$ cat target12.txt   # compact mmCIF, C-alpha atoms
# COMPACT_ATOMS: atom_id res chain seq x y z
CA MET A 249 0.00 0.00 0.00
CA ASN A 250 1.33 3.34 -1.02
CA ALA A 251 1.82 5.67 1.92
CA VAL A 252 1.07 8.79 -0.12
CA ALA A 253 -2.11 7.39 -1.59
CA SER A 254 -3.51 6.21 1.76
CA LEU A 255 -4.82 9.61 2.61
CA PHE A 256 -8.47 10.47 2.36
CA GLU A 257 -9.36 14.10 2.58
CA VAL A 258 -12.78 15.70 2.56
CA VAL A 259 -13.15 19.47 2.33
CA ASP A 260 -16.34 21.48 2.82
CA LEU A 261 -18.71 18.74 1.74
CA SER A 262 -22.40 19.64 1.61
CA ALA A 263 -25.50 17.79 0.56
CA GLN A 264 -28.88 19.12 -0.36
CA ARG A 265 -32.18 17.26 -0.48
CA GLY A 266 -34.64 19.44 -2.31
CA GLU A 267 -34.62 22.75 -0.44
CA GLN A 268 -33.20 21.32 2.74
CA TRP A 269 -29.54 20.95 3.59
CA LEU A 270 -28.78 17.51 4.96
CA PHE A 271 -25.36 18.57 6.11
CA GLU A 272 -23.06 21.47 5.35
CA ASN A 273 -19.30 21.98 5.24
CA ILE A 274 -18.14 18.64 6.50
CA GLY A 275 -14.39 18.22 6.45
CA PHE A 276 -11.98 15.64 7.75
CA THR A 277 -8.70 13.98 6.90
CA LEU A 278 -8.13 10.29 7.41
CA HIS A 279 -4.60 8.97 7.46
CA SER A 280 -3.28 5.46 7.10
CA GLY A 281 -4.62 3.26 9.89
CA GLY A 282 -7.36 5.70 10.89
CA TRP A 283 -11.07 5.15 11.15
CA LEU A 284 -14.13 7.35 11.21
CA GLN A 285 -17.53 6.43 12.55
CA VAL A 286 -20.45 8.43 11.21
CA GLN A 287 -23.26 8.71 13.73
CA GLY A 288 -26.65 10.29 13.47
CA ASP A 289 -30.37 9.72 13.69
CA ASN A 290 -32.41 8.16 10.94
CA GLY A 291 -32.64 10.52 8.01
CA SER A 292 -29.67 12.61 9.08
CA GLY A 293 -27.83 11.78 5.86
CA LYS A 294 -25.41 9.03 6.91
CA THR A 295 -26.00 6.88 3.85
CA THR A 296 -26.01 9.93 1.58
CA LEU A 297 -22.65 10.96 3.01
CA LEU A 298 -21.19 7.49 2.55
CA ARG A 299 -22.44 7.27 -1.03
CA MET A 300 -20.83 10.62 -1.74
CA LEU A 301 -17.57 9.53 -0.19
CA ALA A 302 -17.63 6.41 -2.35
CA GLY A 303 -18.23 8.52 -5.45
CA LEU A 304 -21.69 7.11 -6.16
CA SER A 305 -23.58 10.34 -5.59
CA ARG A 306 -22.61 13.78 -6.71
CA CYS A 307 -21.88 16.29 -3.95
CA SER A 308 -23.68 19.63 -3.97
CA SER A 309 -20.38 21.27 -3.12
CA GLY A 310 -17.00 20.39 -1.72
CA THR A 311 -14.13 18.16 -2.72
CA ILE A 312 -13.09 14.64 -1.86
CA ARG A 313 -9.48 13.73 -2.42
CA TRP A 314 -7.80 10.34 -2.43
CA GLY A 315 -4.07 10.91 -2.08
CA GLU A 316 -3.35 13.96 -4.20
CA ASN A 317 -6.25 13.71 -6.61
CA ASN A 318 -9.93 14.52 -6.59
CA ILE A 319 -11.82 11.24 -6.79
CA ARG A 320 -13.87 12.62 -9.71
CA ASP A 321 -10.70 13.16 -11.76
CA GLU A 322 -9.17 9.76 -11.12
CA PRO A 323 -12.12 7.46 -10.41
CA GLN A 324 -10.29 4.33 -11.47
CA VAL A 325 -7.37 4.88 -9.11
CA PHE A 326 -9.78 5.61 -6.27
CA HIS A 327 -12.13 2.74 -6.99
CA SER A 328 -9.34 0.18 -7.17
CA ALA A 329 -8.46 1.17 -3.59
CA LEU A 330 -12.05 1.09 -2.34
CA ILE A 331 -14.52 -1.45 -1.05
CA TYR A 332 -18.00 -0.09 -0.47
CA LEU A 333 -20.67 -2.17 1.22
CA GLY A 334 -24.07 -0.54 1.21
CA HIS A 335 -27.52 -1.54 2.40
CA GLN A 336 -27.91 -3.74 -0.64
CA LEU A 337 -25.35 -6.44 -0.70
CA GLY A 338 -24.61 -6.53 -4.42
CA LEU A 339 -24.78 -10.32 -4.51
CA LYS A 340 -26.66 -12.58 -6.89
CA GLU A 341 -29.17 -14.87 -5.21
CA GLU A 342 -28.92 -17.52 -7.92
CA MET A 343 -25.18 -17.90 -7.56
CA SER A 344 -23.13 -19.47 -4.82
CA ALA A 345 -20.94 -17.58 -2.36
CA LEU A 346 -17.79 -18.60 -4.22
CA GLU A 347 -19.17 -17.57 -7.61
CA ASN A 348 -20.21 -14.22 -6.16
CA LEU A 349 -16.77 -13.64 -4.70
CA ARG A 350 -15.14 -14.59 -7.99
CA VAL A 351 -17.18 -12.01 -9.91
CA ALA A 352 -16.43 -9.44 -7.20
CA SER A 353 -12.67 -10.06 -7.54
CA HIS A 354 -12.79 -9.68 -11.30
CA LEU A 355 -14.84 -6.49 -11.01
CA ALA A 356 -12.14 -5.21 -8.65
CA GLN A 357 -9.56 -6.19 -11.30
CA GLN A 358 -7.92 -8.62 -8.94
CA SER A 359 -7.15 -12.27 -9.47
CA PHE A 360 -9.41 -14.69 -7.68
CA ASP A 361 -7.78 -16.95 -5.12
CA PRO A 362 -10.22 -19.79 -4.31
CA SER A 363 -8.30 -20.95 -1.23
CA ARG A 364 -8.40 -17.45 0.23
CA ALA A 365 -12.12 -17.25 -0.46
CA HIS A 366 -12.69 -20.67 1.15
CA GLN A 367 -10.72 -19.51 4.17
CA ALA A 368 -12.69 -16.26 4.46
CA LEU A 369 -16.03 -18.04 4.14
CA SER A 370 -15.23 -20.71 6.70
CA GLY A 371 -13.86 -18.01 9.02
CA LEU A 372 -17.29 -16.41 8.81
CA GLY A 373 -18.99 -19.69 9.66
CA LEU A 374 -20.05 -20.52 6.10
CA GLY A 375 -17.83 -23.55 5.70
CA GLY A 376 -19.63 -26.27 3.71
CA ARG A 377 -22.04 -23.75 2.21
CA GLU A 378 -19.65 -22.26 -0.32
CA HIS A 379 -21.37 -23.89 -3.29
CA LEU A 380 -24.94 -23.29 -2.16
CA ALA A 381 -26.97 -20.71 -4.07
CA LEU A 382 -27.44 -17.63 -1.88
CA ARG A 383 -31.23 -17.83 -1.95
CA PHE A 384 -30.94 -20.85 0.35
CA LEU A 385 -29.04 -18.81 2.94
CA SER A 386 -30.49 -16.66 5.69
CA GLN A 387 -30.28 -12.87 5.72
CA GLY A 388 -27.41 -12.89 8.19
CA GLN A 389 -25.51 -15.50 6.19
CA LYS A 390 -25.88 -13.41 3.04
CA ARG A 391 -24.41 -10.46 4.89
CA ARG A 392 -21.49 -12.65 5.85
CA VAL A 393 -20.88 -13.51 2.21
CA ALA A 394 -20.76 -9.78 1.45
CA LEU A 395 -18.34 -9.30 4.36
CA ALA A 396 -16.14 -12.10 2.99
CA LYS A 397 -15.34 -9.61 0.21
CA LEU A 398 -13.44 -7.56 2.78
CA MET A 399 -11.19 -10.52 3.46
CA THR A 400 -10.71 -11.70 -0.12
CA LEU A 401 -10.19 -8.39 -1.91
CA LYS A 402 -7.27 -6.06 -1.41
CA ALA A 403 -8.29 -2.45 -0.84
CA SER A 404 -6.97 0.29 1.41
CA LEU A 405 -10.23 2.12 2.03
CA TRP A 406 -13.32 0.41 3.40
CA ILE A 407 -16.58 2.31 3.40
CA LEU A 408 -19.18 0.24 5.25
CA ASP A 409 -22.82 1.20 5.73
CA GLU A 410 -24.17 -0.51 8.86
CA PRO A 411 -21.79 -3.48 8.66
CA PHE A 412 -22.81 -4.91 12.04
CA VAL A 413 -26.50 -5.26 11.26
CA ALA A 414 -27.95 -8.81 11.28
CA LEU A 415 -24.76 -10.35 12.63
CA ASP A 416 -24.65 -12.62 15.66
CA THR A 417 -21.93 -12.30 18.32
CA GLN A 418 -19.59 -14.72 16.59
CA GLY A 419 -19.95 -12.93 13.23
CA LEU A 420 -19.44 -9.62 14.99
CA ALA A 421 -16.19 -10.85 16.55
CA VAL A 422 -14.85 -12.03 13.19
CA LEU A 423 -15.73 -8.72 11.53
CA VAL A 424 -14.17 -6.65 14.31
CA GLY A 425 -11.05 -8.82 14.05
CA ALA A 426 -10.90 -8.26 10.29
CA ILE A 427 -11.33 -4.50 10.78
CA GLN A 428 -8.54 -4.39 13.36
CA ASP A 429 -6.21 -6.32 11.02
CA HIS A 430 -7.09 -3.96 8.20
CA LEU A 431 -6.34 -0.87 10.30
CA ARG A 432 -3.10 -2.29 11.68
CA ARG A 433 -1.95 -2.96 8.12
CA GLY A 434 -2.45 0.75 7.44
CA GLY A 435 -5.93 0.58 5.92
CA LEU A 436 -8.62 3.22 6.33
CA LEU A 437 -12.19 2.70 7.47
CA ILE A 438 -15.31 4.81 7.35
CA TYR A 439 -18.49 3.26 8.71
CA THR A 440 -21.90 4.00 10.11
CA SER A 441 -23.42 2.09 12.97
CA HIS A 442 -26.09 2.45 15.61
CA GLN A 443 -24.33 -0.12 17.72
CA SER A 444 -21.30 0.87 19.71
CA VAL A 445 -18.58 -1.55 18.71
CA ASP A 446 -15.23 -1.60 20.42
CA LEU A 447 -12.40 -1.46 17.89
CA GLY A 448 -9.79 -1.87 20.63
CA ASP A 449 -6.97 0.60 21.16
CA ILE A 450 -6.86 1.90 17.60
CA PRO A 451 -7.58 5.64 17.70
CA GLY A 452 -10.32 6.99 15.48
CA TRP A 453 -12.86 9.74 15.04
CA THR A 454 -16.57 10.10 15.34
CA LEU A 455 -18.62 12.36 13.14
CA ARG A 456 -22.10 13.20 14.37
CA LEU A 457 -24.72 14.32 11.89
CA SER A 458 -27.77 16.05 13.27
CA ALA A 459 -31.07 15.88 11.45
CA MET B 555 -11.02 -6.99 -20.20
CA ASN B 556 -11.24 -9.50 -17.36
CA GLY B 557 -14.15 -7.61 -15.84
CA PHE B 558 -16.00 -7.62 -19.18
CA TRP B 559 -15.71 -11.39 -19.64
CA SER B 560 -16.46 -12.11 -16.02
CA LEU B 561 -19.69 -10.09 -16.11
CA LEU B 562 -20.70 -11.59 -19.46
CA GLU B 563 -20.12 -15.06 -18.04
CA ARG B 564 -22.09 -14.14 -14.92
CA ASP B 565 -25.08 -12.95 -16.94
CA LEU B 566 -25.04 -16.11 -19.05
CA ILE B 567 -24.84 -18.29 -15.93
CA LEU B 568 -27.76 -16.37 -14.40
CA ALA B 569 -29.77 -16.83 -17.60
CA ALA B 570 -28.99 -20.55 -17.62
CA ARG B 571 -30.37 -20.78 -14.07
CA HIS B 572 -33.45 -18.73 -15.01
CA LYS B 573 -34.32 -20.32 -18.33
CA THR B 574 -37.93 -19.10 -18.41
CA GLU B 575 -36.86 -15.48 -18.85
CA VAL B 576 -34.95 -16.28 -22.02
CA LEU B 577 -37.45 -18.77 -23.36
CA THR B 578 -40.50 -16.47 -23.02
CA GLY B 579 -38.98 -14.06 -25.54
CA LEU B 580 -38.29 -16.81 -28.02
CA PHE B 581 -41.69 -18.46 -27.61
CA PHE B 582 -43.28 -15.06 -28.07
CA MET B 583 -41.50 -14.72 -31.41
CA VAL B 584 -42.56 -18.23 -32.47
CA VAL B 585 -46.18 -17.61 -31.51
CA VAL B 586 -46.39 -14.19 -33.20
CA ALA B 587 -44.83 -15.52 -36.40
CA SER B 588 -47.18 -18.53 -36.41
CA LEU B 589 -50.37 -16.55 -35.79
CA PHE B 590 -50.17 -14.68 -39.09
CA PRO B 591 -50.24 -17.72 -41.40
CA LEU B 592 -53.05 -19.17 -39.30
CA ALA B 593 -55.09 -15.99 -39.46
CA ILE B 594 -54.50 -15.20 -43.12
CA GLY B 595 -54.78 -18.71 -44.47
CA PRO B 596 -52.70 -20.49 -47.07
CA GLU B 597 -52.38 -17.66 -49.57
CA MET B 598 -48.75 -18.04 -50.50
CA THR B 599 -48.38 -14.79 -52.42
CA LEU B 600 -49.82 -12.71 -49.62
CA LEU B 601 -47.80 -14.54 -46.96
CA LYS B 602 -44.62 -14.05 -48.94
CA ARG B 603 -45.32 -10.33 -49.19
CA ILE B 604 -45.95 -9.78 -45.49
CA ALA B 605 -43.23 -12.18 -44.27
CA PRO B 606 -40.37 -9.65 -43.91
CA GLY B 607 -42.53 -7.22 -41.97
CA VAL B 608 -44.05 -9.84 -39.70
CA LEU B 609 -40.75 -11.50 -38.87
CA TRP B 610 -39.01 -8.21 -38.18
CA ILE B 611 -41.85 -6.89 -36.02
CA GLY B 612 -41.74 -10.18 -34.12
CA ALA B 613 -38.01 -9.73 -33.56
CA LEU B 614 -38.54 -6.15 -32.39
CA LEU B 615 -41.22 -7.08 -29.89
CA SER B 616 -39.42 -10.11 -28.57
CA THR B 617 -36.27 -8.03 -28.00
CA LEU B 618 -38.39 -5.47 -26.20
CA LEU B 619 -39.83 -8.14 -23.91
CA GLY B 620 -36.55 -8.76 -22.08
CA LEU B 621 -35.37 -5.15 -21.96
CA PRO B 622 -37.02 -3.96 -18.71
CA ARG B 623 -35.09 -6.65 -16.83
CA LEU B 624 -31.75 -5.75 -18.37
CA PHE B 625 -30.54 -3.56 -15.50
CA GLU B 626 -33.37 -3.99 -13.01
CA GLY B 627 -32.07 -7.06 -11.20
CA ASP B 628 -28.62 -5.54 -10.78
CA TRP B 629 -30.15 -2.28 -9.64
CA ARG B 630 -32.36 -3.94 -7.02
CA ASP B 631 -29.71 -6.10 -5.38
CA GLY B 632 -26.96 -3.48 -5.42
CA SER B 633 -24.82 -5.16 -8.08
CA LEU B 634 -25.15 -2.05 -10.21
CA GLU B 635 -23.59 0.04 -7.41
CA GLN B 636 -20.69 -2.36 -7.29
CA MET B 637 -20.35 -2.14 -11.06
CA ALA B 638 -20.29 1.65 -10.89
CA LEU B 639 -17.56 1.43 -8.23
CA SER B 640 -15.48 -1.03 -10.19
CA PRO B 641 -12.11 0.18 -11.49
CA VAL B 642 -13.04 -1.58 -14.74
CA GLY B 643 -15.40 1.32 -15.38
CA LEU B 644 -19.10 1.31 -16.11
CA VAL B 645 -18.75 1.53 -19.92
CA PRO B 646 -17.04 -1.87 -20.50
CA LEU B 647 -19.40 -3.46 -17.99
CA VAL B 648 -22.44 -2.05 -19.75
CA CYS B 649 -20.97 -3.48 -22.98
CA ALA B 650 -20.92 -6.87 -21.28
CA LYS B 651 -24.56 -6.52 -20.22
CA ILE B 652 -25.61 -5.53 -23.76
CA THR B 653 -23.60 -8.39 -25.27
CA ALA B 654 -25.25 -10.85 -22.89
CA HIS B 655 -28.67 -9.47 -23.81
CA TRP B 656 -27.91 -9.92 -27.50
CA VAL B 657 -26.55 -13.45 -27.05
CA LEU B 658 -29.73 -14.38 -25.16
CA SER B 659 -32.34 -12.56 -27.24
CA GLY B 660 -30.90 -11.52 -30.61
CA LEU B 661 -28.72 -14.47 -31.56
CA PRO B 662 -31.44 -17.11 -30.96
CA LEU B 663 -33.75 -15.06 -33.22
CA VAL B 664 -31.16 -15.14 -36.00
CA LEU B 665 -30.96 -18.92 -35.69
CA LEU B 666 -34.72 -19.32 -35.37
CA ALA B 667 -35.56 -17.11 -38.37
CA PRO B 668 -35.10 -19.73 -41.15
CA VAL B 669 -37.39 -22.17 -39.35
CA LEU B 670 -40.07 -19.52 -38.86
CA SER B 671 -39.78 -18.30 -42.42
CA LEU B 672 -40.77 -21.78 -43.69
CA GLN B 673 -44.34 -20.88 -42.73
CA PHE B 674 -44.15 -17.95 -45.14
CA ASP B 675 -42.68 -19.94 -48.00
CA LEU B 676 -39.54 -17.80 -48.23
CA SER B 677 -36.91 -19.07 -50.65
CA SER B 678 -33.50 -20.02 -49.29
CA GLU B 679 -31.88 -16.83 -50.69
CA LEU B 680 -34.48 -14.70 -48.95
CA GLN B 681 -33.91 -16.68 -45.74
CA GLY B 682 -30.21 -15.92 -46.03
CA THR B 683 -30.93 -12.22 -46.36
CA LEU B 684 -33.32 -12.37 -43.43
CA MET B 685 -30.68 -14.01 -41.25
CA LEU B 686 -27.98 -11.59 -42.32
CA GLY B 687 -30.29 -8.65 -41.72
CA LEU B 688 -31.19 -9.94 -38.27
CA LEU B 689 -27.53 -10.61 -37.50
CA LEU B 690 -26.73 -6.97 -38.24
CA GLY B 691 -29.96 -5.53 -36.86
CA THR B 692 -30.54 -7.32 -33.55
CA PRO B 693 -27.36 -5.92 -31.91
CA VAL B 694 -28.66 -2.46 -32.82
CA LEU B 695 -31.94 -3.31 -31.11
CA SER B 696 -30.13 -4.53 -27.99
CA SER B 697 -27.86 -1.52 -27.72
CA LEU B 698 -30.54 1.10 -28.45
CA GLY B 699 -32.91 -0.73 -26.13
CA ALA B 700 -30.32 -0.70 -23.36
CA ILE B 701 -30.33 3.12 -23.41
CA GLY B 702 -34.09 3.05 -22.89
CA ALA B 703 -33.74 0.46 -20.14
CA ALA B 704 -31.13 2.58 -18.37
CA LEU B 705 -33.21 5.75 -18.67
CA THR B 706 -36.39 4.14 -17.31
CA LEU B 707 -34.61 2.33 -14.48
CA GLY B 708 -36.58 2.67 -11.26
CA VAL B 709 -39.44 4.54 -12.92
CA ARG B 710 -42.93 3.39 -11.99
CA GLY B 711 -44.57 1.71 -14.97
CA GLY B 712 -41.20 1.90 -16.66
CA GLY B 713 -42.00 -1.04 -18.94
CA VAL B 714 -44.63 0.85 -20.94
CA LEU B 715 -42.53 4.00 -20.98
CA LEU B 716 -39.62 1.94 -22.24
CA SER B 717 -41.67 0.65 -25.17
CA LEU B 718 -42.81 4.16 -26.08
CA LEU B 719 -39.25 5.43 -25.83
CA VAL B 720 -37.52 2.67 -27.70
CA LEU B 721 -39.93 1.51 -30.43
CA PRO B 722 -39.64 4.74 -32.47
CA LEU B 723 -35.86 4.34 -32.33
CA PHE B 724 -36.23 0.83 -33.74
CA VAL B 725 -38.03 2.13 -36.86
CA PRO B 726 -34.94 2.62 -39.05
CA VAL B 727 -33.77 -0.91 -38.26
CA LEU B 728 -37.21 -2.24 -39.17
CA VAL B 729 -37.34 -0.25 -42.41
CA PHE B 730 -33.95 -1.35 -43.67
CA GLY B 731 -34.11 -4.88 -42.28
CA ALA B 732 -37.48 -5.68 -43.84
CA GLY B 733 -36.59 -3.56 -46.87
CA ALA B 734 -33.56 -5.74 -47.61
CA ILE B 735 -35.75 -8.81 -48.06
CA GLU B 736 -38.27 -6.94 -50.19
CA ALA B 737 -35.50 -5.52 -52.35
CA GLN B 738 -34.13 -8.96 -52.96
CA ALA B 739 -37.58 -10.40 -53.70
CA ALA B 740 -38.01 -7.61 -56.27
CA GLY B 741 -34.70 -8.57 -57.86
CA LEU B 742 -32.79 -5.51 -56.68
CA GLY B 743 -29.52 -5.69 -54.75
CA VAL B 744 -29.52 -5.92 -50.97
CA GLN B 745 -26.15 -4.27 -50.59
CA ALA B 746 -27.49 -0.79 -49.90
CA HIS B 747 -29.86 -1.95 -47.17
CA LEU B 748 -27.27 -4.11 -45.48
CA SER B 749 -24.69 -1.33 -45.64
CA VAL B 750 -27.07 1.05 -43.91
CA LEU B 751 -27.78 -1.62 -41.28
CA SER B 752 -24.03 -2.10 -40.75
CA ALA B 753 -23.56 1.64 -40.34
CA MET B 754 -26.32 1.71 -37.73
CA LEU B 755 -24.70 -1.27 -36.03
CA LEU B 756 -21.31 0.42 -35.76
CA LEU B 757 -22.73 3.70 -34.53
CA SER B 758 -25.08 2.23 -31.95
CA VAL B 759 -22.66 -0.39 -30.59
CA PHE B 760 -19.98 2.25 -30.20
CA LEU B 761 -22.07 5.05 -28.72
CA SER B 762 -24.79 3.34 -26.69
CA PRO B 763 -22.57 2.05 -23.82
CA PHE B 764 -21.54 5.65 -23.08
CA ALA B 765 -25.15 6.82 -23.09
CA CYS B 766 -26.19 3.86 -20.90
CA ALA B 767 -23.37 4.45 -18.43
CA ALA B 768 -24.36 8.12 -18.11
CA ALA B 769 -28.02 7.21 -17.58
CA LEU B 770 -27.12 4.58 -14.99
CA GLN B 771 -24.97 7.06 -13.08
CA VAL B 772 -28.00 9.33 -12.86
CA ALA B 773 -30.20 6.42 -11.71
CA LEU B 774 -27.70 5.62 -8.94
CA ASP B 775 -27.23 9.22 -7.83
$ encode --input "target12.txt" --output "structure tokens"
Amino acid sequence: MNAVASLFEVVDLSAQRGEQWLFENIGFTLHSGGWLQVQGDNGSGKTTLLRMLAGLSRCSSGTIRWGENNIRDEPQVFHSALIYLGHQLGLKEEMSALENLRVASHLAQQSFDPSRAHQALSGLGLGGREHLALRFLSQGQKRRVALAKLMTLKASLWILDEPFVALDTQGLAVLVGAIQDHLRRGGLLIYTSHQSVDLGDIPGWTLRLSA
Amino acid sequence: MNGFWSLLERDLILAARHKTEVLTGLFFMVVVASLFPLAIGPEMTLLKRIAPGVLWIGALLSTLLGLPRLFEGDWRDGSLEQMALSPVGLVPLVCAKITAHWVLSGLPLVLLAPVLSLQFDLSSELQGTLMLGLLLGTPVLSSLGAIGAALTLGVRGGGVLLSLLVLPLFVPVLVFGAGAIEAQAAGLGVQAHLSVLSAMLLLSVFLSPFACAAALQVALD
């Protein structure tokens, strides 16, 4: 991971919904190994903010920089360093966990390593279900398949929208472990959550949006 | 290029696991093409005259049948978001989606056409022209249709809107595709018609992925 590129900078970001401002002039800088939790009530714009940070939605004003460059100017560089997990999982119900992970790796322009994927899936308690079509899995298990992307793909910035939802304690522990590993390796994390999850002694920031 | 092939393969796998979606379009074409001879009766001269029009309209409608689902599934389950965030870029991925749509709806029509044209007593030369015309024309239908599908994504009653949006755009393909067969039946050359179809093919295949990608970005915003 490039030390220069692992810098995520947001300057004066604002979002408008119709006439109303969801949030105005948000700014922060996230360095290698840092995390940011976005908090706020329902409808305060958490998901909107995350989608903007990922480059999915246009911002009303402000700039988002990855390394030196605006993410709008160099979307490919930014997107090859990013994993975004939203409310929708982006998985195909008719395909198995392994097939889904294979497509995800190719979309991320990375080679697919089946043994790594097997390892990630069994770590998440899905061992033996790798070849089962996702529609036979429960909601929580599907979320775990989506989370297995975090462990199979290489990316320095994780943007996770409510990653802890629908997970049991064991799944939660695995995810927190994966997040800590990611941060210790110098990765960056931005997430929203209503739950308070202890990420250990790794220092981070909290951003509170008010409705 | 890896992302392109991977997505194409994924769409073909999904279609293989959801055979009904592909087969309805083809059966629709077969039924439409068979209703005309049944309704008109065994008047060979009349059937021969209407054959190009009927077969091409059938192809148009059967292509249209699968279009609303082109991006909808990916949009609903969040795959489209992931495609938009892929470093591969949305344009090559949209190309893959359009290619998959053509392989599943256009290509079978090309192969089915000679069998269907037997009911209209078309000669083997005319069948050849029909197939060639469909081979050049159906990718145009898929790529123009994809723009409509991207624009109407997430719109209530989008299916009807899609038809209204896309069918007028299909008119030139219909005119030159059916015209090629008529020209040959009249003893004129088909070269002009097929050249125009090829020109439309090149233009639409090249430009439509960019238009689709732009429309999809708006739908995701």
$ closest_atom_pairs --input "target12.txt" --of "segment 631-663 of chain B" --to "segment 397-421 of chain A" --cutoff "12 Å" --atoms "all atoms listed in the file" --output "JSON lines"
{"residue": "B:Gln636", "atom": "CA", "partner": "A:Lys397", "partner_atom": "CA", "distance": 11.7}
{"residue": "B:Leu639", "atom": "CA", "partner": "A:Ile407", "partner_atom": "CA", "distance": 11.7}
{"residue": "B:Ser640", "atom": "CA", "partner": "A:Ala403", "partner_atom": "CA", "distance": 11.9}
{"residue": "B:Pro641", "atom": "CA", "partner": "A:Ala403", "partner_atom": "CA", "distance": 11.6}
$ residues_around --input "target12.txt" --residues "Gly291 of chain A" --least-positions-apart "2" --cutoff "10 Å" --atoms "only C-alpha atoms" --output "PyMOL selection string"
chain A and resi 270+288-289+293-296+457-459
$ interface_residues --input "target12.txt" --of "chain A" --to "chain B" --cutoff "10 Å" --atoms "all atoms listed in the file" --output "short mmCIF file (atom, residue, chain, number, x, y, z; two decimals) with C-alpha atoms, in the frame of the given file"
data_model
loop_
_atom_site.label_atom_id
_atom_site.label_comp_id
_atom_site.auth_asym_id
_atom_site.auth_seq_id
_atom_site.Cartn_x
_atom_site.Cartn_y
_atom_site.Cartn_z
CA THR A 296 -26.01 9.93 1.58
CA ARG A 299 -22.44 7.27 -1.03
CA MET A 300 -20.83 10.62 -1.74
CA ALA A 302 -17.63 6.41 -2.35
CA GLY A 303 -18.23 8.52 -5.45
CA LEU A 304 -21.69 7.11 -6.16
CA SER A 305 -23.58 10.34 -5.59
CA ARG A 306 -22.61 13.78 -6.71
CA CYS A 307 -21.88 16.29 -3.95
CA PRO A 323 -12.12 7.46 -10.41
CA GLN A 324 -10.29 4.33 -11.47
CA VAL A 325 -7.37 4.88 -9.11
CA PHE A 326 -9.78 5.61 -6.27
CA HIS A 327 -12.13 2.74 -6.99
CA SER A 328 -9.34 0.18 -7.17
CA ALA A 329 -8.46 1.17 -3.59
CA LEU A 330 -12.05 1.09 -2.34
CA ILE A 331 -14.52 -1.45 -1.05
CA TYR A 332 -18.00 -0.09 -0.47
CA LEU A 333 -20.67 -2.17 1.22
CA GLY A 334 -24.07 -0.54 1.21
CA HIS A 335 -27.52 -1.54 2.40
CA GLN A 336 -27.91 -3.74 -0.64
CA LEU A 337 -25.35 -6.44 -0.70
CA GLY A 338 -24.61 -6.53 -4.42
CA LEU A 339 -24.78 -10.32 -4.51
CA LYS A 340 -26.66 -12.58 -6.89
CA GLU A 341 -29.17 -14.87 -5.21
CA GLU A 342 -28.92 -17.52 -7.92
CA MET A 343 -25.18 -17.90 -7.56
CA GLU A 347 -19.17 -17.57 -7.61
CA ASN A 348 -20.21 -14.22 -6.16
CA ARG A 350 -15.14 -14.59 -7.99
CA VAL A 351 -17.18 -12.01 -9.91
CA ALA A 352 -16.43 -9.44 -7.20
CA SER A 353 -12.67 -10.06 -7.54
CA HIS A 354 -12.79 -9.68 -11.30
CA LEU A 355 -14.84 -6.49 -11.01
CA ALA A 356 -12.14 -5.21 -8.65
CA GLN A 357 -9.56 -6.19 -11.30
CA GLN A 358 -7.92 -8.62 -8.94
CA SER A 359 -7.15 -12.27 -9.47
#
$ residues_around --input "target12.txt" --residues "Ala740 of chain B" --least-positions-apart "4" --cutoff "12 Å" --atoms "all atoms listed in the file" --output "ChimeraX atom specification"
/B:602-603,680,733-736,744
$ residues_around --input "target12.txt" --residues "Asp675 of chain B" --least-positions-apart "2" --cutoff "7 Å" --atoms "only C-alpha atoms" --output "PyMOL selection string"
chain B and resi 598+602+671-673+677
$ residues_near_point --input "target12.txt" --point "(-36.8, 10.1, -24.6)" --cutoff "10 Å" --atoms "all atoms listed in the file" --output "number ranges by chain"
B: 701-702, 705-706, 715-716, 718-720, 722-723
$ residues_near_point --input "target12.txt" --point "(-26.9, 8.4, -21.5)" --cutoff "12 Å" --atoms "all atoms listed in the file" --output "NGL selection string"
:B and (644-645 or 648 or 697-706 or 761-773)
$ axis_aligned_box --input "target12.txt" --around "segment 403-418 of chain A" --padding-each-side "5 Å" --output "JSON"
{"center_x": -17.5, "center_y": -6.2, "center_z": 8.7, "size_x": 31.0, "size_y": 27.0, "size_z": 29.2}
$ atom_distance --input "target12.txt" --atom1 "atom CA of Glu272 of chain A" --atom2 "atom CA of Leu455 of chain A"
12.8 Å
$ atom_distance --input "target12.txt" --atom1 "atom CA of Ser717 of chain B" --atom2 "atom CA of Ser758 of chain B"
18.0 Å
$ decode --input "target12.txt" --residues "segment 723-728 of chain B" --atoms "N, CA and C atoms" --output "short mmCIF file (atom, residue, chain, number, x, y, z; two decimals), in the first residue's frame"
data_model
loop_
_atom_site.label_atom_id
_atom_site.label_comp_id
_atom_site.auth_asym_id
_atom_site.auth_seq_id
_atom_site.Cartn_x
_atom_site.Cartn_y
_atom_site.Cartn_z
N LEU B 723 -37.28 4.42 -31.97
CA LEU B 723 -35.86 4.34 -32.33
C LEU B 723 -35.56 3.09 -33.15
N PHE B 724 -36.43 2.08 -33.00
CA PHE B 724 -36.23 0.83 -33.74
C PHE B 724 -36.68 0.94 -35.20
N VAL B 725 -37.44 2.03 -35.52
CA VAL B 725 -38.03 2.13 -36.86
C VAL B 725 -37.02 2.01 -38.00
N PRO B 726 -35.89 2.75 -37.94
CA PRO B 726 -34.94 2.62 -39.05
C PRO B 726 -34.45 1.18 -39.26
N VAL B 727 -34.23 0.47 -38.16
CA VAL B 727 -33.77 -0.91 -38.26
C VAL B 727 -34.83 -1.75 -38.97
N LEU B 728 -36.08 -1.50 -38.57
CA LEU B 728 -37.21 -2.24 -39.17
C LEU B 728 -37.30 -1.95 -40.67
#
